[in-house]
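A.B. asks: Input start36.txt, format and content: compact mmCIF, C-alpha atoms and all ligand atoms.
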# COMPACT_ATOMS: atom_id res chain seq x y z
CA MET N 1 293.33 -11.12 -99.08
CA PRO N 2 290.35 -11.76 -96.80
CA THR N 3 290.08 -15.49 -96.19
CA SER N 4 287.73 -15.77 -93.29
CA GLY N 5 284.38 -14.56 -92.06
CA ILE N 6 280.94 -15.54 -93.22
CA ALA N 7 279.87 -14.32 -96.65
CA ASP N 8 276.24 -15.09 -97.41
CA PHE N 9 275.14 -14.16 -100.91
CA PRO N 10 271.67 -12.83 -101.72
CA GLN N 11 268.89 -15.29 -102.35
CA GLY N 12 268.70 -16.19 -106.02
CA PHE N 13 272.35 -15.34 -106.65
CA VAL N 14 273.41 -17.18 -109.81
CA TRP N 15 276.48 -19.40 -109.57
CA GLY N 16 277.87 -20.85 -112.75
CA ALA N 17 280.79 -21.37 -115.08
CA ALA N 18 281.75 -20.22 -118.56
CA THR N 19 283.44 -21.56 -121.69
CA ALA N 20 283.71 -20.53 -125.36
CA SER N 21 283.13 -22.48 -128.56
CA TYR N 22 286.57 -22.47 -130.16
CA GLN N 23 288.27 -23.14 -126.83
CA ILE N 24 286.42 -26.38 -126.07
CA GLU N 25 284.43 -27.79 -128.98
CA GLY N 26 286.95 -29.27 -131.44
CA ALA N 27 285.15 -30.98 -134.38
CA VAL N 28 286.23 -28.11 -136.59
CA ARG N 29 285.37 -29.85 -139.85
CA GLU N 30 282.22 -31.63 -138.76
CA ASP N 31 278.60 -31.21 -139.82
CA GLY N 32 279.38 -28.48 -142.29
CA ARG N 33 281.27 -26.07 -140.02
CA GLY N 34 283.36 -23.56 -141.94
CA PRO N 35 286.73 -22.11 -140.91
CA SER N 36 286.98 -19.22 -138.48
CA ILE N 37 289.76 -16.66 -138.18
CA TRP N 38 291.06 -18.75 -135.27
CA ASP N 39 291.39 -21.88 -137.45
CA VAL N 40 293.43 -19.88 -139.92
CA PHE N 41 295.50 -18.16 -137.23
CA SER N 42 296.23 -21.26 -135.15
CA HIS N 43 297.31 -23.12 -138.28
CA THR N 44 299.73 -20.33 -139.19
CA PRO N 45 303.18 -21.29 -137.91
CA GLY N 46 304.45 -19.17 -135.03
CA LYS N 47 301.12 -17.68 -133.98
CA VAL N 48 300.08 -20.02 -131.14
CA ALA N 49 302.41 -21.58 -128.56
CA ASP N 50 303.80 -24.90 -129.85
CA GLY N 51 301.50 -24.80 -132.86
CA HIS N 52 298.47 -25.78 -130.79
CA THR N 53 295.09 -25.50 -132.51
CA GLY N 54 291.44 -25.92 -131.54
CA ASP N 55 291.03 -28.88 -133.94
CA VAL N 56 290.21 -31.27 -131.10
CA ALA N 57 290.30 -29.04 -128.00
CA CYS N 58 288.22 -30.74 -125.27
CA ASP N 59 286.09 -32.54 -127.88
CA HIS N 60 283.10 -30.98 -126.18
CA TYR N 61 281.16 -31.22 -129.45
CA HIS N 62 280.95 -34.97 -128.86
CA ARG N 63 281.24 -35.03 -125.08
CA TYR N 64 278.81 -32.27 -124.16
CA ARG N 65 276.50 -34.71 -122.35
CA GLU N 66 279.31 -35.76 -120.04
CA ASP N 67 280.22 -32.10 -119.49
CA VAL N 68 276.65 -31.12 -118.65
CA ALA N 69 276.49 -34.05 -116.21
CA ILE N 70 279.58 -32.61 -114.49
CA MET N 71 277.88 -29.22 -114.29
CA GLU N 72 274.84 -30.84 -112.70
CA ASP N 73 277.05 -32.62 -110.22
CA LEU N 74 278.66 -29.30 -109.25
CA GLY N 75 275.21 -27.82 -108.77
CA LEU N 76 275.73 -25.02 -111.31
CA HIS N 77 272.69 -22.79 -111.76
CA ALA N 78 273.87 -21.39 -115.08
CA TYR N 79 276.28 -22.19 -117.87
CA ARG N 80 277.66 -19.57 -120.23
CA PHE N 81 278.70 -20.98 -123.61
CA SER N 82 279.24 -19.36 -126.98
CA VAL N 83 277.78 -20.21 -130.36
CA SER N 84 280.24 -20.69 -133.20
CA TRP N 85 279.21 -18.37 -136.02
CA PRO N 86 280.99 -20.47 -138.71
CA ARG N 87 279.04 -23.56 -137.61
CA VAL N 88 275.78 -21.74 -138.21
CA LEU N 89 276.69 -19.70 -141.31
CA PRO N 90 279.77 -21.23 -142.94
CA GLY N 91 280.72 -19.06 -145.90
CA GLY N 92 277.55 -17.04 -145.25
CA THR N 93 275.18 -19.93 -146.02
CA PHE N 94 272.83 -21.31 -143.38
CA ASN N 95 273.89 -24.70 -142.03
CA ALA N 96 271.12 -26.32 -140.02
CA ALA N 97 273.36 -29.13 -138.77
CA GLY N 98 275.65 -26.62 -137.04
CA LEU N 99 272.80 -24.97 -135.19
CA ASP N 100 271.43 -28.39 -134.21
CA PHE N 101 274.38 -28.86 -131.89
CA TYR N 102 273.35 -25.87 -129.75
CA ASP N 103 269.77 -27.09 -129.79
CA ARG N 104 270.92 -30.40 -128.29
CA LEU N 105 273.18 -28.63 -125.80
CA VAL N 106 270.41 -26.30 -124.60
CA ASP N 107 267.97 -29.20 -124.18
CA GLU N 108 270.55 -31.14 -122.22
CA LEU N 109 271.17 -28.15 -119.93
CA LEU N 110 267.47 -27.59 -119.32
CA ALA N 111 266.91 -31.28 -118.62
CA ARG N 112 269.41 -30.88 -115.81
CA ARG N 113 267.92 -27.59 -114.61
CA ILE N 114 270.88 -25.46 -115.68
CA SER N 115 270.07 -22.08 -117.24
CA PRO N 116 271.81 -21.54 -120.57
CA ILE N 117 273.48 -18.15 -121.13
CA ALA N 118 274.35 -17.85 -124.82
CA THR N 119 277.15 -15.62 -126.08
CA LEU N 120 276.79 -14.98 -129.80
CA TYR N 121 280.37 -13.97 -130.52
CA HIS N 122 283.40 -15.17 -128.59
CA TRP N 123 286.09 -14.40 -131.19
CA ASP N 124 285.59 -17.16 -133.78
CA LEU N 125 284.62 -14.94 -136.71
CA PRO N 126 283.93 -16.77 -140.00
CA ALA N 127 287.24 -16.65 -141.88
CA GLU N 128 285.76 -14.71 -144.81
CA LEU N 129 284.67 -11.80 -142.57
CA ASP N 130 286.64 -8.92 -141.08
CA TRP N 131 285.76 -6.41 -138.36
CA ARG N 132 287.35 -3.60 -140.39
CA ASN N 133 284.45 -3.94 -142.78
CA PRO N 134 281.30 -2.04 -141.73
CA ASP N 135 279.07 -4.76 -143.27
CA THR N 136 280.21 -7.24 -140.63
CA ALA N 137 277.96 -5.54 -138.07
CA ALA N 138 274.87 -6.12 -140.26
CA LYS N 139 275.98 -9.71 -140.86
CA PHE N 140 276.25 -10.18 -137.11
CA ALA N 141 272.66 -8.97 -136.73
CA ASP N 142 271.48 -11.48 -139.38
CA TYR N 143 273.34 -14.28 -137.64
CA THR N 144 271.90 -13.21 -134.28
CA GLU N 145 268.39 -13.40 -135.69
CA ILE N 146 268.93 -16.94 -136.96
CA VAL N 147 270.31 -18.22 -133.66
CA HIS N 148 267.73 -16.44 -131.53
CA HIS N 149 264.90 -17.68 -133.74
CA ARG N 150 265.93 -21.27 -133.04
CA LEU N 151 266.95 -21.09 -129.37
CA GLY N 152 265.06 -18.07 -128.04
CA ASP N 153 262.18 -20.18 -126.75
CA ARG N 154 264.57 -21.88 -124.33
CA VAL N 155 267.48 -19.44 -123.81
CA ALA N 156 266.48 -16.43 -121.73
CA THR N 157 269.82 -14.64 -121.42
CA TRP N 158 271.74 -13.48 -124.50
CA THR N 159 275.16 -11.87 -124.69
CA THR N 160 276.05 -10.19 -127.95
CA LEU N 161 279.85 -9.99 -127.76
CA ASN N 162 282.58 -11.25 -125.51
CA GLU N 163 285.31 -8.69 -124.76
CA PRO N 164 285.18 -6.46 -127.85
CA TRP N 165 288.33 -4.73 -126.56
CA VAL N 166 290.29 -7.94 -127.08
CA SER N 167 288.76 -8.57 -130.52
CA ALA N 168 289.74 -5.07 -131.63
CA PHE N 169 293.02 -4.27 -129.89
CA VAL N 170 294.58 -7.73 -129.63
CA GLY N 171 293.18 -8.93 -132.96
CA TYR N 172 293.95 -5.77 -134.96
CA GLY N 173 296.25 -3.70 -132.69
CA SER N 174 299.06 -5.95 -131.49
CA GLY N 175 298.08 -8.89 -133.72
CA ARG N 176 298.67 -11.36 -130.88
CA HIS N 177 295.24 -12.81 -131.66
CA ALA N 178 293.42 -13.64 -134.88
CA PRO N 179 293.30 -12.19 -137.45
CA GLY N 180 296.81 -11.03 -136.51
CA VAL N 181 296.75 -7.45 -137.82
CA SER N 182 298.92 -4.76 -136.17
CA ASP N 183 297.61 -1.36 -137.15
CA PRO N 184 296.16 1.26 -134.77
CA ALA N 185 293.65 2.56 -137.32
CA ALA N 186 292.40 -0.98 -137.91
CA ALA N 187 292.02 -1.54 -134.18
CA PHE N 188 289.84 1.55 -133.68
CA THR N 189 287.85 0.76 -136.81
CA ALA N 190 287.22 -2.80 -135.58
CA ALA N 191 286.19 -1.49 -132.15
CA HIS N 192 283.63 0.84 -133.74
CA HIS N 193 282.14 -1.89 -135.90
CA LEU N 194 282.02 -4.27 -132.95
CA LEU N 195 280.08 -1.66 -130.98
CA ARG N 196 277.74 -1.22 -133.96
CA ALA N 197 277.34 -5.01 -134.13
CA HIS N 198 276.40 -5.05 -130.46
CA ALA N 199 273.76 -2.37 -131.02
CA LEU N 200 272.30 -4.00 -134.15
CA GLY N 201 272.34 -7.43 -132.51
CA THR N 202 270.56 -5.99 -129.48
CA GLN N 203 267.86 -4.53 -131.75
CA VAL N 204 267.29 -7.94 -133.29
CA LEU N 205 267.14 -9.65 -129.90
CA ARG N 206 264.64 -7.06 -128.63
CA ALA N 207 262.48 -7.39 -131.71
CA GLY N 208 262.50 -11.17 -131.22
CA GLY N 209 261.39 -10.81 -127.60
CA ALA N 210 264.62 -11.99 -125.96
CA GLY N 211 264.37 -12.28 -122.19
CA GLU N 212 267.57 -10.52 -121.17
CA VAL N 213 270.20 -8.88 -123.35
CA SER N 214 273.77 -8.28 -122.24
CA VAL N 215 277.29 -7.72 -123.49
CA THR N 216 280.43 -8.92 -121.78
CA LEU N 217 283.28 -6.44 -121.34
CA ASN N 218 286.74 -7.15 -120.00
CA LEU N 219 287.28 -4.31 -117.56
CA LEU N 220 290.67 -3.26 -116.29
CA PRO N 221 291.03 -1.08 -113.20
CA THR N 222 294.04 1.20 -113.57
CA VAL N 223 296.32 2.31 -110.75
CA GLY N 224 298.64 5.31 -111.00
CA ASP N 225 298.56 9.08 -111.54
CA PRO N 226 295.49 10.41 -113.37
CA GLU N 227 297.75 11.82 -116.09
CA VAL N 228 298.45 8.25 -117.19
CA THR N 229 295.41 6.31 -115.98
CA THR N 230 292.84 8.51 -117.76
CA LEU N 231 294.03 7.51 -121.23
CA ILE N 232 294.30 3.80 -120.47
CA ASP N 233 290.98 3.75 -118.60
CA GLY N 234 289.50 5.51 -121.62
CA LEU N 235 290.81 2.96 -124.10
CA ALA N 236 290.28 -0.19 -122.02
CA ASN N 237 287.02 0.65 -120.27
CA ARG N 238 285.15 3.83 -121.18
CA LEU N 239 285.51 3.29 -124.95
CA PHE N 240 283.09 0.38 -124.50
CA LEU N 241 281.16 1.25 -121.33
CA ASP N 242 279.99 4.65 -122.52
CA PRO N 243 278.64 3.62 -125.94
CA VAL N 244 276.95 0.54 -124.47
CA LEU N 245 275.47 2.19 -121.38
CA ARG N 246 275.16 5.87 -122.40
CA GLY N 247 274.99 5.62 -126.17
CA THR N 248 278.02 7.75 -127.01
CA TYR N 249 281.81 7.81 -126.91
CA PRO N 250 283.34 9.90 -124.11
CA ASP N 251 284.75 13.19 -125.46
CA ASP N 252 288.38 12.49 -124.55
CA VAL N 253 288.25 9.02 -126.14
CA ARG N 254 286.54 10.40 -129.25
CA ALA N 255 289.32 12.97 -129.68
CA HIS N 256 291.96 10.27 -129.21
CA ILE N 257 290.36 7.92 -131.77
CA ALA N 258 290.15 10.77 -134.32
CA LYS N 259 293.96 10.99 -134.26
CA PHE N 260 294.16 7.46 -135.70
CA ALA N 261 291.04 6.64 -137.69
CA ASP N 262 288.50 8.51 -139.79
CA LEU N 263 285.23 7.09 -138.45
CA ASP N 264 281.66 8.28 -138.24
CA MET N 265 281.53 7.87 -134.49
CA ASP N 266 277.94 9.06 -134.36
CA ASP N 267 276.84 6.10 -136.45
CA LEU N 268 276.13 4.11 -133.31
CA PRO N 269 272.55 3.31 -132.35
CA PHE N 270 271.90 3.33 -128.60
CA GLU N 271 270.26 0.14 -127.40
CA PRO N 272 270.11 -0.20 -123.61
CA ILE N 273 270.94 -3.60 -122.14
CA ASP N 274 269.43 -5.50 -119.22
CA VAL N 275 272.58 -6.71 -117.54
CA LEU N 276 276.28 -5.93 -117.99
CA GLY N 277 278.65 -8.88 -118.12
CA VAL N 278 281.91 -8.14 -116.34
CA ASN N 279 285.09 -10.12 -116.94
CA TYR N 280 287.69 -9.34 -114.30
CA TYR N 281 291.14 -10.86 -114.00
CA THR N 282 293.58 -8.20 -112.82
CA ILE N 283 294.53 -4.50 -112.76
CA ALA N 284 297.09 -2.36 -114.61
CA ARG N 285 299.75 -0.52 -112.61
CA LEU N 286 300.87 2.46 -114.67
CA ALA N 287 303.48 5.20 -114.44
CA ALA N 288 304.69 8.09 -116.56
CA ASP N 289 307.97 7.23 -118.27
CA PRO N 290 309.12 9.41 -121.17
CA ALA N 291 311.31 6.56 -122.43
CA SER N 292 308.43 4.08 -122.69
CA PRO N 293 307.39 3.19 -126.25
CA GLY N 294 303.87 2.51 -124.91
CA HIS N 295 301.80 -0.56 -125.58
CA GLU N 296 300.59 -1.66 -129.03
CA GLU N 297 297.22 -2.63 -127.60
CA TYR N 298 296.73 0.97 -126.42
CA PRO N 299 297.56 3.09 -129.49
CA GLY N 300 298.98 6.46 -128.50
CA SER N 301 300.24 5.29 -125.10
CA GLU N 302 303.86 6.35 -125.67
CA GLY N 303 305.32 7.68 -122.42
CA ILE N 304 303.27 5.32 -120.25
CA ALA N 305 304.93 2.33 -118.59
CA TRP N 306 303.26 -0.84 -117.34
CA LEU N 307 304.73 -1.74 -113.94
CA PRO N 308 305.30 -5.33 -112.82
CA PRO N 309 302.65 -7.10 -110.73
CA HIS N 310 302.83 -7.07 -106.94
CA GLY N 311 303.07 -10.42 -105.19
CA VAL N 312 302.96 -13.85 -106.81
CA PRO N 313 301.08 -13.64 -110.14
CA THR N 314 299.06 -16.41 -111.78
CA GLU N 315 300.58 -18.52 -114.58
CA MET N 316 299.39 -15.85 -117.02
CA GLY N 317 301.64 -13.37 -115.21
CA TRP N 318 298.58 -11.48 -113.94
CA GLU N 319 298.59 -9.88 -110.49
CA VAL N 320 296.16 -11.45 -108.02
CA ILE N 321 294.21 -8.56 -106.54
CA PRO N 322 290.64 -9.27 -105.39
CA SER N 323 290.19 -5.70 -104.12
CA GLY N 324 290.36 -4.62 -107.77
CA LEU N 325 287.13 -6.50 -108.37
CA GLU N 326 285.41 -4.89 -105.40
CA GLN N 327 286.46 -1.43 -106.57
CA LEU N 328 285.44 -2.16 -110.15
CA LEU N 329 281.94 -3.25 -109.13
CA LEU N 330 281.54 -0.14 -106.98
CA ARG N 331 282.82 2.11 -109.73
CA LEU N 332 280.34 0.64 -112.22
CA SER N 333 277.52 1.12 -109.71
CA ARG N 334 278.55 4.74 -109.20
CA ASP N 335 279.39 5.81 -112.76
CA TYR N 336 276.78 3.76 -114.63
CA PRO N 337 273.92 3.36 -112.15
CA GLY N 338 270.84 1.32 -112.90
CA THR N 339 272.37 -1.59 -114.81
CA PRO N 340 272.50 -4.92 -112.98
CA LEU N 341 275.89 -6.62 -113.10
CA MET N 342 276.95 -10.21 -113.64
CA ILE N 343 280.51 -11.47 -113.38
CA THR N 344 280.72 -13.46 -116.60
CA GLU N 345 284.37 -14.50 -116.14
CA ASN N 346 286.84 -14.66 -113.29
CA GLY N 347 289.34 -17.37 -112.55
CA ALA N 348 293.02 -18.25 -112.68
CA ALA N 349 295.56 -20.37 -114.53
CA TYR N 350 297.92 -22.33 -112.34
CA ASP N 351 300.35 -25.18 -113.00
CA ASP N 352 298.15 -28.01 -111.80
CA VAL N 353 299.67 -31.33 -110.79
CA VAL N 354 297.81 -34.62 -110.89
CA LYS N 355 298.79 -36.78 -107.94
CA ASP N 356 297.05 -40.00 -106.96
CA GLY N 357 294.17 -39.19 -109.27
CA ARG N 358 293.59 -35.79 -107.74
CA VAL N 359 294.44 -32.12 -108.45
CA ALA N 360 294.98 -30.28 -105.15
CA ASP N 361 294.71 -26.78 -106.63
CA THR N 362 294.76 -24.83 -103.39
CA ASP N 363 296.07 -21.76 -105.25
CA ARG N 364 292.95 -21.64 -107.44
CA ILE N 365 290.72 -22.13 -104.40
CA ALA N 366 292.45 -19.24 -102.62
CA PHE N 367 292.07 -17.09 -105.74
CA LEU N 368 288.35 -17.77 -106.04
CA ASP N 369 287.75 -17.46 -102.31
CA GLY N 370 289.35 -14.02 -102.31
CA HIS N 371 287.40 -12.84 -105.34
CA PHE N 372 284.07 -14.21 -104.10
CA ARG N 373 284.61 -12.29 -100.85
CA ALA N 374 285.49 -9.15 -102.78
CA ALA N 375 282.25 -9.51 -104.77
CA HIS N 376 280.36 -10.01 -101.52
CA ASN N 377 281.91 -6.85 -100.08
CA ALA N 378 280.75 -4.92 -103.13
CA ILE N 379 277.21 -6.29 -102.79
CA GLN N 380 277.16 -5.20 -99.16
CA GLN N 381 278.11 -1.72 -100.29
CA GLY N 382 275.23 -1.61 -102.74
CA ALA N 383 276.49 -3.15 -106.00
CA ASP N 384 273.64 -4.86 -107.86
CA LEU N 385 275.56 -8.02 -108.64
CA ARG N 386 273.31 -10.85 -109.81
CA GLY N 387 275.70 -13.72 -110.34
CA TYR N 388 279.18 -15.12 -110.74
CA LEU N 389 280.43 -17.34 -113.56
CA VAL N 390 283.83 -18.90 -113.07
CA TRP N 391 286.25 -19.09 -115.96
CA SER N 392 286.35 -21.87 -116.77
CA LEU N 393 284.42 -25.10 -116.44
CA LEU N 394 287.18 -27.00 -118.26
CA ASP N 395 290.85 -26.57 -119.01
CA ASN N 396 290.85 -25.44 -122.62
CA PHE N 397 292.58 -23.81 -125.61
CA GLU N 398 293.89 -20.58 -124.11
CA TRP N 399 294.19 -18.68 -127.42
CA ALA N 400 297.78 -17.68 -128.24
CA ARG N 401 299.02 -19.59 -125.17
CA GLY N 402 297.59 -22.88 -126.45
CA TYR N 403 296.89 -25.67 -123.97
CA HIS N 404 299.67 -24.63 -121.60
CA LYS N 405 297.50 -22.44 -119.40
CA ARG N 406 294.90 -24.33 -117.41
CA PHE N 407 291.95 -22.33 -116.06
CA GLY N 408 289.52 -25.19 -115.47
CA LEU N 409 287.64 -26.29 -112.39
CA VAL N 410 287.85 -29.60 -114.22
CA ARG N 411 291.11 -30.92 -115.58
CA VAL N 412 291.20 -32.20 -119.15
CA ASP N 413 293.80 -34.77 -120.13
CA TYR N 414 294.48 -33.77 -123.73
CA GLU N 415 295.63 -37.30 -124.67
CA SER N 416 292.72 -39.32 -123.35
CA LEU N 417 290.28 -36.36 -123.14
CA GLU N 418 289.27 -37.60 -119.70
CA ARG N 419 287.76 -35.07 -117.31
CA LEU N 420 288.87 -34.90 -113.67
CA PRO N 421 287.19 -32.41 -111.32
CA LYS N 422 289.91 -30.60 -109.38
CA ASP N 423 289.72 -29.84 -105.66
CA SER N 424 288.47 -26.36 -106.67
CA ALA N 425 285.45 -27.99 -108.32
CA HIS N 426 284.58 -29.87 -105.13
CA TRP N 427 285.11 -26.69 -103.13
CA TYR N 428 282.92 -24.69 -105.55
CA ARG N 429 280.14 -27.27 -105.19
CA GLU N 430 280.10 -26.53 -101.43
CA VAL N 431 280.07 -22.76 -102.02
CA ILE N 432 277.07 -23.11 -104.32
CA ALA N 433 275.21 -25.45 -101.97
CA ARG N 434 275.78 -23.05 -99.10
CA ASN N 435 275.26 -19.89 -101.27
CA GLY N 436 278.36 -18.42 -99.69
CA LEU N 437 281.51 -18.94 -97.72
CA ASP N 438 281.98 -19.88 -94.09
C1 LIG F 1 289.29 -13.85 -121.44
C2 LIG F 1 288.57 -14.62 -122.53
C3 LIG F 1 288.44 -16.08 -122.27
C4 LIG F 1 289.69 -16.66 -121.62
C5 LIG F 1 290.10 -15.84 -120.42
C6 LIG F 1 291.30 -16.37 -119.68
O1 LIG F 1 289.89 -12.74 -122.00
O2 LIG F 1 287.28 -14.08 -122.71
O3 LIG F 1 288.13 -16.72 -123.48
O4 LIG F 1 290.69 -16.79 -122.54
O5 LIG F 1 290.34 -14.52 -120.82
Using structure tokens, write down the structure from this file.
Ligand code: FCB
C.D. replies:
Amino acid sequence: MPTSGIADFPQGFVWGAATASYQIEGAVREDGRGPSIWDVFSHTPGKVADGHTGDVACDHYHRYREDVAIMEDLGLHAYRFSVSWPRVLPGGTFNAAGLDFYDRLVDELLARRISPIATLYHWDLPAELDWRNPDTAAKFADYTEIVHHRLGDRVATWTTLNEPWVSAFVGYGSGRHAPGVSDPAAAFTAAHHLLRAHALGTQVLRAGGAGEVSVTLNLLPTVGDPEVTTLIDGLANRLFLDPVLRGTYPDDVRAHIAKFADLDMDDLPFEPIDVLGVNYYTIARLAADPASPGHEEYPGSEGIAWLPPHGVPTEMGWEVIPSGLEQLLLRLSRDYPGTPLMITENGAAYDDVVKDGRVADTDRIAFLDGHFRAAHNAIQQGADLRGYLVWSLLDNFEWARGYHKRFGLVRVDYESLERLPKDSAHWYREVIARNGLD
């Protein structure tokens, strides 16, 4: 991992941090919010580690002013948050009080000169909806219109969906996430309707005059022989990249989907975006292995084995490999030219220790340092990378892993709800002030 040498980022490069509604807000029954699939799932015994739920989370709903003050102190240029659909349209009925929260949040951010980046869907689907149902895409467009109508005068950058691959293949393929369905046909059906939702939502944002429209994809570089990487790259990456950036499914992916689900894959409007959000955490090392049952999140992957990570992984078990980010950014620039890129998530979970009122998270600093340098290398080779949002501002509810995995630049004590900026936060403040690394 490169750890030295000057890395100056381009002028105007956007440094920020990201969170998501269900992971930080809490206040799940306040001001008319309705249940989401994650409320139902987390309250179902055995689904989330130790029965953790987002009921309180970081209590950001009440403490957002304190959190925005921390962002200002770090010098963040931008903050990526998500809007909770069931706060705005519980049970399908408009709830002004729910939308008011985001109005207050956006005003607070702007007062502190932080640009809001709003994600419309980060996995907390209203509990009465289902991505297997084609109507959900139209409902997403209606919801998008309502939120944009209220916030569009102050929020310039809009992201339709966060990681539709995870919503579809973890939510409906393996069932490790809400709504907890394990069925390959359901996973492909959900993926198709998520892509339709993105397109319809983009149409609405365009019609409303939105400044910048994006979608955030979790992209997974694959390493191994082409006979195994092509399928996994198709399912993890091209299944989303091609429809979003070229308007159609790739032929090999289309043929694969047809083996599992009967879908009208041409029913997919093409709506170009202004910037692609890239979430990068790790790579997949793959090998042919006739004995492998495959992976439930990649239907039809029998005969492909996932190899263990090299080196010391993060607490999530993910390999630390900054060069994967550099290669990913270059690949996107080559295969999908013309779309500016933004890293909308990158970061690491480590077992932080509080000692003498301080978290000396040197592992997280090394992780970020390596990945920032990798991004810088890609920029130097021509990648049009506009910004970098660290996951996450705060320790938070890490989905099926509950509160055990801490990704924050800022520690949250889940008893007292006190915030404590970690050493990585102080380090990041210097990176931002200097617009690079020494
Ligand atoms: C991504 C999610 C985000 C967070 C990180 C660790 O897949 O978008 O909410 O859980 O992983």
A.B. asks: Would you mind listing what lies within 10 Å of Asp384 (chain N) as a list of chain:residue names, with only C-alpha atoms counted and same-chain residues fewer than 4 positions away left out?
C.D. replies: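 In the requested form, the answer reads N:Val275, N:Leu329, N:Leu330, N:Leu332, N:Ser333, N:Pro337, N:Gly338, N:Thr339, N:Pro340, N:Leu341, N:Met342, N:Ala378, N:Ile379, N:Gln380.
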A.B. asks: Could you check which of N:Asp351, N:Glu271, N:Asp124, N:Asp225 is closest to Pro90 (chain N), using all atoms listed in the file?
C.D. replies: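 Checking each of N:Asp351, N:Glu271, N:Asp124, N:Asp225 against Pro90 (chain N), counting all atoms listed in the file, the winner is N:Asp124.
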A.B. asks: Please provide as a tab-separated table (two decimals) with C-alpha atoms, in the frame of the given file all residues within 10 Å of Glu128 (chain N), with the sequence filter that same-chain residues fewer than 2 positions apart are discarded (counting only C-alpha atoms).
C.D. replies:
chain	number	residue	atom	x	y	z
N	34	GLY	CA	283.36	-23.56	-141.94
N	35	PRO	CA	286.73	-22.11	-140.91
N	36	SER	CA	286.98	-19.22	-138.48
N	37	ILE	CA	289.76	-16.66	-138.18
N	86	PRO	CA	280.99	-20.47	-138.71
N	90	PRO	CA	279.77	-21.23	-142.94
N	91	GLY	CA	280.72	-19.06	-145.90
N	92	GLY	CA	277.55	-17.04	-145.25
N	125	LEU	CA	284.62	-14.94	-136.71
N	126	PRO	CA	283.93	-16.77	-140.00
N	130	ASP	CA	286.64	-8.92	-141.08
A.B. asks: Could you state the separation of CA of Ile6 (chain N) and CA of Asp438 (chain N) in Å, given to one decimal place?
C.D. replies: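 Taking CA of Ile6 (chain N) as the start and CA of Asp438 (chain N) as the end point, the length is 4.5 Å.
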A.B. asks: Taking (289.8, 2.5, -135.9) as a centre in this file's frame and 9 Å as the limit, can you find every polymer residue with an atom that close, using all atoms listed in the file, and give them as a PyMOL selection string?
C.D. replies: chain N and resi 132+168+183-193+257-258+260-263
A.B. asks: Using 8 Å as the limit and counting all atoms listed in the file, can you tabulate each residue of region 51-84 of chain N that touches region 115-118 of chain N, with its shortest atom-to-atom distance in Å and the two atoms involved, as a tab-separated table?
C.D. replies:
residue	atom	partner	partner_atom	distance
N:His77	CA	N:Ser115	CA	6.1
N:Ala78	CA	N:Ser115	CA	4.4
N:Tyr79	CA	N:Pro116	CA	5.3
N:Arg80	CA	N:Ile117	CA	4.5
N:Phe81	CA	N:Ala118	CA	5.5
N:Ser82	CA	N:Ala118	CA	5.6
N:Val83	CA	N:Ala118	CA	6.9
A.B. asks: Using all atoms listed in the file, determine which residues fall within 8 Å of ligand LIG 1 (chain F), then list them as a list in words.
C.D. replies: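 If we count all atoms listed in the file, the neighbours of ligand LIG 1 (chain F) turn out to be Thr19, Ala20, Gln23, His122, Asn162, Glu163, Val166, Asn218, Asn279, Tyr281, Glu345, Asn346, Gly347, Ala348, Ala349, Trp391, Ser392, Phe397, Glu398, Trp399 and Phe407 of chain N.
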A.B. asks: Ranking N:Tyr64, N:Phe240, N:Tyr298, N:Tyr102 by minimum distance to Tyr172 (chain N) and counting all atoms listed in the file, which one comes first?
C.D. replies: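 Ranking N:Tyr64, N:Phe240, N:Tyr298, N:Tyr102 by distance to Tyr172 (chain N), first place goes to N:Tyr298.
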A.B. asks: Return the single residue from N:Ser292, N:Gln203, N:Ser42, N:Gln327 that is closest to Ala383 (chain N), with distances computed using only C-alpha atoms.
C.D. replies: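 Answer, going by the shortest atom-to-atom distance: N:Gln327.
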A.B. asks: Name all residues at most 10 Å from His149 (chain N) (count all atoms listed in the file; drop same-chain ones fewer than 6 positions away) and give them as a PyMOL selection string.
C.D. replies: chain N and resi 143+205+208-210
A.B. asks: Would you mind listing what lies within 7 Å of Thr282 (chain N) as an MDAnalysis selection string, with all atoms listed in the file counted and same-chain residues fewer than 2 positions away left out?
C.D. replies: chainID N and resid 220 280 318:321 324
A.B. asks: Would you list the contacts of region 414-427 of chain N as a VMD selection string, taking every protein, DNA or RNA residue within 7 Å and counting only C-alpha atoms, but skipping same-chain residues closer than 6 positions in sequence?
C.D. replies: chain N and resid 58 74 358 to 361 364 to 365
A.B. asks: Restricting the calculation to all atoms listed in the file, which member of N:Leu109, N:Ala69, N:Ile146, N:Val14 is positioned closest to Leu389 (chain N)?
C.D. replies: N:Val14
A.B. asks: So how far away is CA of Glu212 (chain N) from CA of Thr119 (chain N), in Å?
C.D. replies: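 Distance reported for this atom pair: 11.9 Å.
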A.B. asks: I need the residue nearest Leu231 (chain N) from this list: N:Thr159, N:Val147, N:Ser214, N:Ile304. Use only C-alpha atoms for the distance.
C.D. replies: N:Ile304
